[in-house]
file my_file_10.cif (mmCIF, C-alpha atoms)
data_coords
#
loop_
_atom_site.group_PDB
_atom_site.id
_atom_site.type_symbol
_atom_site.label_atom_id
_atom_site.label_comp_id
_atom_site.auth_asym_id
_atom_site.auth_seq_id
_atom_site.Cartn_x
_atom_site.Cartn_y
_atom_site.Cartn_z
ATOM 1 C CA MET A 270 0.000 0.000 0.000
ATOM 2 C CA GLU A 271 3.058 2.214 0.383
ATOM 3 C CA ARG A 272 4.732 2.385 -3.013
ATOM 4 C CA LYS A 273 6.980 5.469 -2.775
ATOM 5 C CA ALA A 274 10.200 3.421 -2.902
ATOM 6 C CA GLU A 275 9.347 2.008 -6.328
ATOM 7 C CA LYS A 276 10.153 5.225 -8.173
ATOM 8 C CA GLU A 277 13.722 5.964 -7.065
ATOM 9 C CA VAL A 278 14.886 3.715 -4.261
ATOM 10 C CA LEU A 279 14.269 0.306 -5.839
ATOM 11 C CA PRO A 280 15.853 1.164 -9.210
ATOM 12 C CA THR A 281 18.925 2.456 -7.369
ATOM 13 C CA CYS A 282 19.087 -0.695 -5.233
ATOM 14 C CA LYS A 283 18.882 -2.832 -8.349
ATOM 15 C CA GLU A 284 21.551 -0.794 -10.126
ATOM 16 C CA LEU A 285 23.933 -0.993 -7.164
ATOM 17 C CA ASN A 286 23.081 -4.616 -6.348
ATOM 18 C CA ILE A 287 21.787 -3.672 -2.913
ATOM 19 C CA GLY A 288 18.974 -5.530 -1.194
ATOM 20 C CA PHE A 289 15.868 -3.684 -0.042
ATOM 21 C CA VAL A 290 13.958 -5.008 2.961
ATOM 22 C CA ALA A 291 10.218 -4.463 2.573
ATOM 23 C CA TYR A 292 8.931 -3.824 6.063
ATOM 24 C CA SER A 293 5.279 -4.763 6.568
ATOM 25 C CA PRO A 294 4.658 -5.899 2.986
ATOM 26 C CA MET A 295 1.155 -6.996 3.975
ATOM 27 C CA ALA A 296 0.295 -3.503 5.254
ATOM 28 C CA SER A 297 0.001 -4.758 8.830
ATOM 29 C CA GLY A 298 -2.324 -7.525 7.692
ATOM 30 C CA PHE A 299 -4.727 -5.379 5.684
ATOM 31 C CA LEU A 300 -3.612 -6.865 2.359
ATOM 32 C CA SER A 301 -4.443 -10.339 3.648
ATOM 33 C CA GLY A 302 -8.111 -9.505 3.159
ATOM 34 C CA LYS A 303 -8.859 -10.647 6.699
ATOM 35 C CA HIS A 304 -9.677 -7.171 8.079
ATOM 36 C CA ASP A 305 -12.579 -4.887 7.272
ATOM 37 C CA LYS A 306 -14.177 -1.695 8.606
ATOM 38 C CA ASN A 307 -15.593 -3.640 11.576
ATOM 39 C CA THR A 308 -12.249 -5.015 12.758
ATOM 40 C CA VAL A 309 -11.406 -3.721 16.238
ATOM 41 C CA TYR A 310 -7.778 -3.184 17.178
ATOM 42 C CA GLU A 311 -7.082 -3.269 20.903
ATOM 43 C CA GLY A 312 -4.331 -2.909 23.451
ATOM 44 C CA ASP A 313 -0.940 -1.895 22.120
ATOM 45 C CA ASP A 314 -1.846 -2.710 18.501
ATOM 46 C CA VAL A 315 -0.294 0.152 16.524
ATOM 47 C CA ARG A 316 -3.121 -0.033 13.970
ATOM 48 C CA ARG A 317 -5.280 1.776 16.558
ATOM 49 C CA VAL A 318 -3.517 5.061 15.764
ATOM 50 C CA ILE A 319 -2.529 4.767 12.094
ATOM 51 C CA SER A 320 -4.954 6.703 9.895
ATOM 52 C CA ARG A 321 -4.914 4.003 7.207
ATOM 53 C CA PHE A 322 -6.671 1.734 9.725
ATOM 54 C CA SER A 323 -9.491 4.055 10.707
ATOM 55 C CA PRO A 324 -12.829 2.363 9.936
ATOM 56 C CA GLU A 325 -13.578 4.979 7.246
ATOM 57 C CA ASN A 326 -10.267 4.411 5.455
ATOM 58 C CA ARG A 327 -10.490 0.617 5.750
ATOM 59 C CA GLU A 328 -13.917 0.823 4.135
ATOM 60 C CA LYS A 329 -12.588 2.993 1.283
ATOM 61 C CA ASN A 330 -9.502 0.783 0.805
ATOM 62 C CA GLN A 331 -11.631 -2.378 0.741
ATOM 63 C CA ALA A 332 -12.171 -1.902 -3.002
ATOM 64 C CA LEU A 333 -8.467 -2.617 -3.529
ATOM 65 C CA ILE A 334 -8.711 -5.835 -1.520
ATOM 66 C CA ASN A 335 -11.784 -6.888 -3.502
ATOM 67 C CA ALA A 336 -9.943 -6.346 -6.792
ATOM 68 C CA LEU A 337 -6.906 -8.295 -5.579
ATOM 69 C CA GLN A 338 -9.190 -11.090 -4.332
ATOM 70 C CA GLU A 339 -10.606 -11.489 -7.837
ATOM 71 C CA ILE A 340 -7.109 -12.019 -9.223
ATOM 72 C CA ALA A 341 -6.152 -14.382 -6.385
ATOM 73 C CA ILE A 342 -9.306 -16.483 -6.803
ATOM 74 C CA LYS A 343 -8.519 -16.950 -10.513
ATOM 75 C CA LYS A 344 -5.091 -18.314 -9.518
ATOM 76 C CA GLY A 345 -6.434 -20.432 -6.657
ATOM 77 C CA ILE A 346 -4.291 -18.653 -4.054
ATOM 78 C CA SER A 347 -4.910 -16.291 -1.155
ATOM 79 C CA VAL A 348 -4.640 -12.517 -1.438
ATOM 80 C CA ALA A 349 -1.652 -12.668 0.908
ATOM 81 C CA GLN A 350 0.128 -15.108 -1.414
ATOM 82 C CA LEU A 351 -0.687 -12.928 -4.414
ATOM 83 C CA CYS A 352 0.694 -9.795 -2.752
ATOM 84 C CA LEU A 353 3.888 -11.476 -1.597
ATOM 85 C CA ALA A 354 4.430 -13.214 -4.953
ATOM 86 C CA TRP A 355 3.958 -9.869 -6.740
ATOM 87 C CA LEU A 356 6.585 -8.336 -4.476
ATOM 88 C CA ILE A 357 9.000 -11.207 -5.167
ATOM 89 C CA TYR A 358 8.492 -11.020 -8.945
ATOM 90 C CA LYS A 359 8.453 -7.249 -9.176
ATOM 91 C CA ASN A 360 12.020 -6.667 -8.149
ATOM 92 C CA ASP A 361 14.684 -9.212 -7.270
ATOM 93 C CA SER A 362 16.352 -6.670 -4.964
ATOM 94 C CA VAL A 363 13.368 -6.837 -2.587
ATOM 95 C CA ILE A 364 13.269 -9.075 0.457
ATOM 96 C CA ALA A 365 9.879 -9.210 2.155
ATOM 97 C CA ILE A 366 9.470 -9.596 5.904
ATOM 98 C CA PRO A 367 5.811 -10.422 6.441
ATOM 99 C CA GLY A 368 4.741 -10.462 10.061
ATOM 100 C CA MET A 369 2.789 -13.500 11.161
ATOM 101 C CA ARG A 370 0.790 -14.124 14.297
ATOM 102 C CA SER A 371 -0.027 -17.788 13.721
ATOM 103 C CA ASP A 372 1.384 -20.962 12.215
ATOM 104 C CA GLU A 373 -1.415 -20.843 9.644
ATOM 105 C CA ARG A 374 -0.198 -17.430 8.390
ATOM 106 C CA ILE A 375 3.397 -18.709 8.214
ATOM 107 C CA ILE A 376 2.320 -21.603 5.988
ATOM 108 C CA GLU A 377 0.127 -19.316 3.882
ATOM 109 C CA ASN A 378 2.919 -16.775 3.386
ATOM 110 C CA LEU A 379 5.464 -19.459 2.488
ATOM 111 C CA GLY A 380 3.087 -20.512 -0.296
ATOM 112 C CA ALA A 381 3.947 -17.273 -2.092
ATOM 113 C CA ALA A 382 7.395 -18.697 -2.879
ATOM 114 C CA ASN A 383 5.703 -21.419 -4.961
ATOM 115 C CA THR A 384 3.403 -19.005 -6.781
ATOM 116 C CA TYR A 385 4.186 -18.342 -10.426
ATOM 117 C CA LEU A 386 3.095 -15.032 -11.939
ATOM 118 C CA SER A 387 3.221 -14.624 -15.697
ATOM 119 C CA THR A 388 4.144 -11.353 -17.367
ATOM 120 C CA GLU A 389 0.460 -10.876 -18.188
ATOM 121 C CA GLU A 390 -0.575 -11.467 -14.580
ATOM 122 C CA LEU A 391 2.040 -8.994 -13.365
ATOM 123 C CA LYS A 392 0.677 -6.399 -15.794
ATOM 124 C CA ASP A 393 -2.856 -7.123 -14.587
ATOM 125 C CA ILE A 394 -1.818 -6.593 -10.968
ATOM 126 C CA GLU A 395 0.021 -3.373 -11.846
ATOM 127 C CA MET A 396 -3.017 -2.036 -13.713
ATOM 128 C CA THR A 397 -5.260 -2.966 -10.800
ATOM 129 C CA LEU A 398 -2.992 -1.174 -8.329
ATOM 130 C CA ALA A 399 -2.717 1.896 -10.564
ATOM 131 C CA ASN A 400 -6.498 2.349 -10.471
ATOM 132 C CA PHE A 401 -6.750 2.811 -6.720
ATOM 133 C CA GLN A 402 -6.107 5.703 -4.392
ATOM 134 C CA ILE A 403 -4.973 4.571 -0.958
ATOM 135 C CA TYR A 404 -6.747 6.330 1.898
ATOM 136 C CA GLY A 405 -4.899 7.062 5.117
ATOM 137 C CA ASP A 406 -1.223 6.838 5.853
ATOM 138 C CA ARG A 407 1.320 5.270 8.187
ATOM 139 C CA LYS A 408 3.292 8.156 9.650
ATOM 140 C CA ASP A 409 5.747 8.185 12.522
ATOM 141 C CA GLU A 410 3.651 10.948 14.109
ATOM 142 C CA ASP A 411 0.646 8.603 14.164
ATOM 143 C CA ILE A 412 2.657 5.748 15.647
ATOM 144 C CA ALA A 413 3.950 8.074 18.378
ATOM 145 C CA LYS A 414 0.317 8.612 19.437
ATOM 146 C CA LEU A 415 0.133 5.017 20.640
ATOM 147 C CA GLY A 416 1.901 6.084 23.815
ATOM 148 C CA THR A 417 -0.868 8.595 24.535
ATOM 149 C CA VAL A 418 -3.947 6.372 24.100
ATOM 150 C CA THR A 419 -5.507 4.292 26.813
ATOM 151 C CA ILE A 420 -4.713 0.606 26.360
ATOM 152 C CA SER A 421 -7.787 -1.470 27.017
#

call {"tool": "encode", "arguments": {"input": "my_file_10.cif", "output": "structure tokens"}}
result
Amino acid sequence: MERKAEKEVLPTCKELNIGFVAYSPMASGFLSGKHDKNTVYEGDDVRRVISRFSPENREKNQALINALQEIAIKKGISVAQLCLAWLIYKNDSVIAIPGMRSDERIIENLGAANTYLSTEELKDIEMTLANFQIYGDRKDEDIAKLGTVTIS
């Protein structure tokens, strides 16, 4: 969901043969398709204070998940596997570090390594992504707010 590095950073990494570590490639779980506007984040979950995870923005961003789900269903894979496979195929300088909270997610994410994406499928994903505006952000200022909210 955060694609700023694609324009300048990733081409430079590729040119200089430097690896790029993609932190939170699943957008803190949102790209898994397992969260929606009704998901409640509690305790010290940083998603409580990041504007991208407000119910309004999750509802607006759901259209992206729906579009990615259509592509994933055609391939017989999960949205998480599609997103990680796209990242792997997009640039061989990128190393993804998906966070996982269960053994099931670990197994699901590892399935991305066995997912083949054709040139046509990559173009389809790129066109899908290009058609969506992402609502909300993930700023350090927002994350700093976590220390000021009541943890329930």

call {"tool": "closest_residue", "arguments": {"input": "my_file_10.cif", "among": "A:Ile364, A:Val315, A:Ala336, A:Ala274", "to": "A:Leu398", "atoms": "all atoms listed in the file"}}
result
A:Ala336

call {"tool": "residues_around", "arguments": {"input": "my_file_10.cif", "residues": "A:Asn307", "least_positions_apart": "2", "cutoff": "7 Å", "atoms": "only C-alpha atoms", "output": "PyMOL selection string"}}
result
chain A and resi 305+309+324

call {"tool": "write_last_selection", "arguments": {"input": "my_file_10.cif", "atoms": "C-alpha atoms", "output": "mmCIF file, keeping the file's coordinate frame"}}
result
data_model
loop_
_atom_site.group_PDB
_atom_site.id
_atom_site.type_symbol
_atom_site.label_atom_id
_atom_site.label_comp_id
_atom_site.auth_asym_id
_atom_site.auth_seq_id
_atom_site.Cartn_x
_atom_site.Cartn_y
_atom_site.Cartn_z
ATOM 1 C CA ASP A 305 -12.579 -4.887 7.272
ATOM 2 C CA VAL A 309 -11.406 -3.721 16.238
ATOM 3 C CA PRO A 324 -12.829 2.363 9.936
#

call {"tool": "resolve_selection", "arguments": {"input": "my_file_10.cif", "expression": "the PyMOL selection byres ((chain A and resi 405) around 8)", "output": "VMD selection string"}}
result
chain A and resid 319 to 323 326 403 to 404 406 to 407

call {"tool": "write_last_selection", "arguments": {"input": "my_file_10.cif", "atoms": "C-alpha atoms", "output": "short mmCIF file (atom, residue, chain, number, x, y, z; two decimals), in the coordinates of the input"}}
result
data_model
loop_
_atom_site.label_atom_id
_atom_site.label_comp_id
_atom_site.auth_asym_id
_atom_site.auth_seq_id
_atom_site.Cartn_x
_atom_site.Cartn_y
_atom_site.Cartn_z
CA ILE A 319 -2.53 4.77 12.09
CA SER A 320 -4.95 6.70 9.90
CA ARG A 321 -4.91 4.00 7.21
CA PHE A 322 -6.67 1.73 9.72
CA SER A 323 -9.49 4.06 10.71
CA ASN A 326 -10.27 4.41 5.46
CA ILE A 403 -4.97 4.57 -0.96
CA TYR A 404 -6.75 6.33 1.90
CA ASP A 406 -1.22 6.84 5.85
CA ARG A 407 1.32 5.27 8.19
#

call {"tool": "closest_residue", "arguments": {"input": "my_file_10.cif", "among": "A:Asn360, A:Lys276, A:Lys414, A:Thr384", "to": "A:Arg316", "atoms": "all atoms listed in the file"}}
result
A:Lys414

call {"tool": "closest_residue", "arguments": {"input": "my_file_10.cif", "among": "A:Gly380, A:Gly302, A:Gly345, A:Pro294", "to": "A:Glu271", "atoms": "all atoms listed in the file"}}
result
A:Pro294

call {"tool": "atom_distance", "arguments": {"input": "my_file_10.cif", "atom1": "atom CA of A:Glu410", "atom2": "atom CA of A:Val318"}}
result
9.4 Å

call {"tool": "closest_residue", "arguments": {"input": "my_file_10.cif", "among": "A:Lys392, A:Lys306, A:Lys343, A:Arg317", "to": "A:Leu415", "atoms": "all atoms listed in the file"}}
result
A:Arg317

call {"tool": "closest_residue", "arguments": {"input": "my_file_10.cif", "among": "A:Met396, A:Cys282, A:Ala296, A:Ile342", "to": "A:Met270", "atoms": "only C-alpha atoms"}}
result
A:Ala296

call {"tool": "closest_residue", "arguments": {"input": "my_file_10.cif", "among": "A:Val278, A:Ala349, A:Leu386, A:Val290", "to": "A:Ala365", "atoms": "all atoms listed in the file"}}
result
A:Val290

call {"tool": "residues_near_point", "arguments": {"input": "my_file_10.cif", "point": "(6.5, -14.8, 2.9)", "cutoff": "12 Å", "atoms": "only C-alpha atoms", "output": "PyMOL selection string"}}
result
chain A and resi 291-295+301+349-357+363-369+374-384

call {"tool": "atom_distance", "arguments": {"input": "my_file_10.cif", "atom1": "atom CA of A:Ser387", "atom2": "atom CA of A:Gly288"}}
result
23.3 Å

call {"tool": "atom_distance", "arguments": {"input": "my_file_10.cif", "atom1": "atom CA of A:Asn335", "atom2": "atom CA of A:Gly312"}}
result
28.2 Å
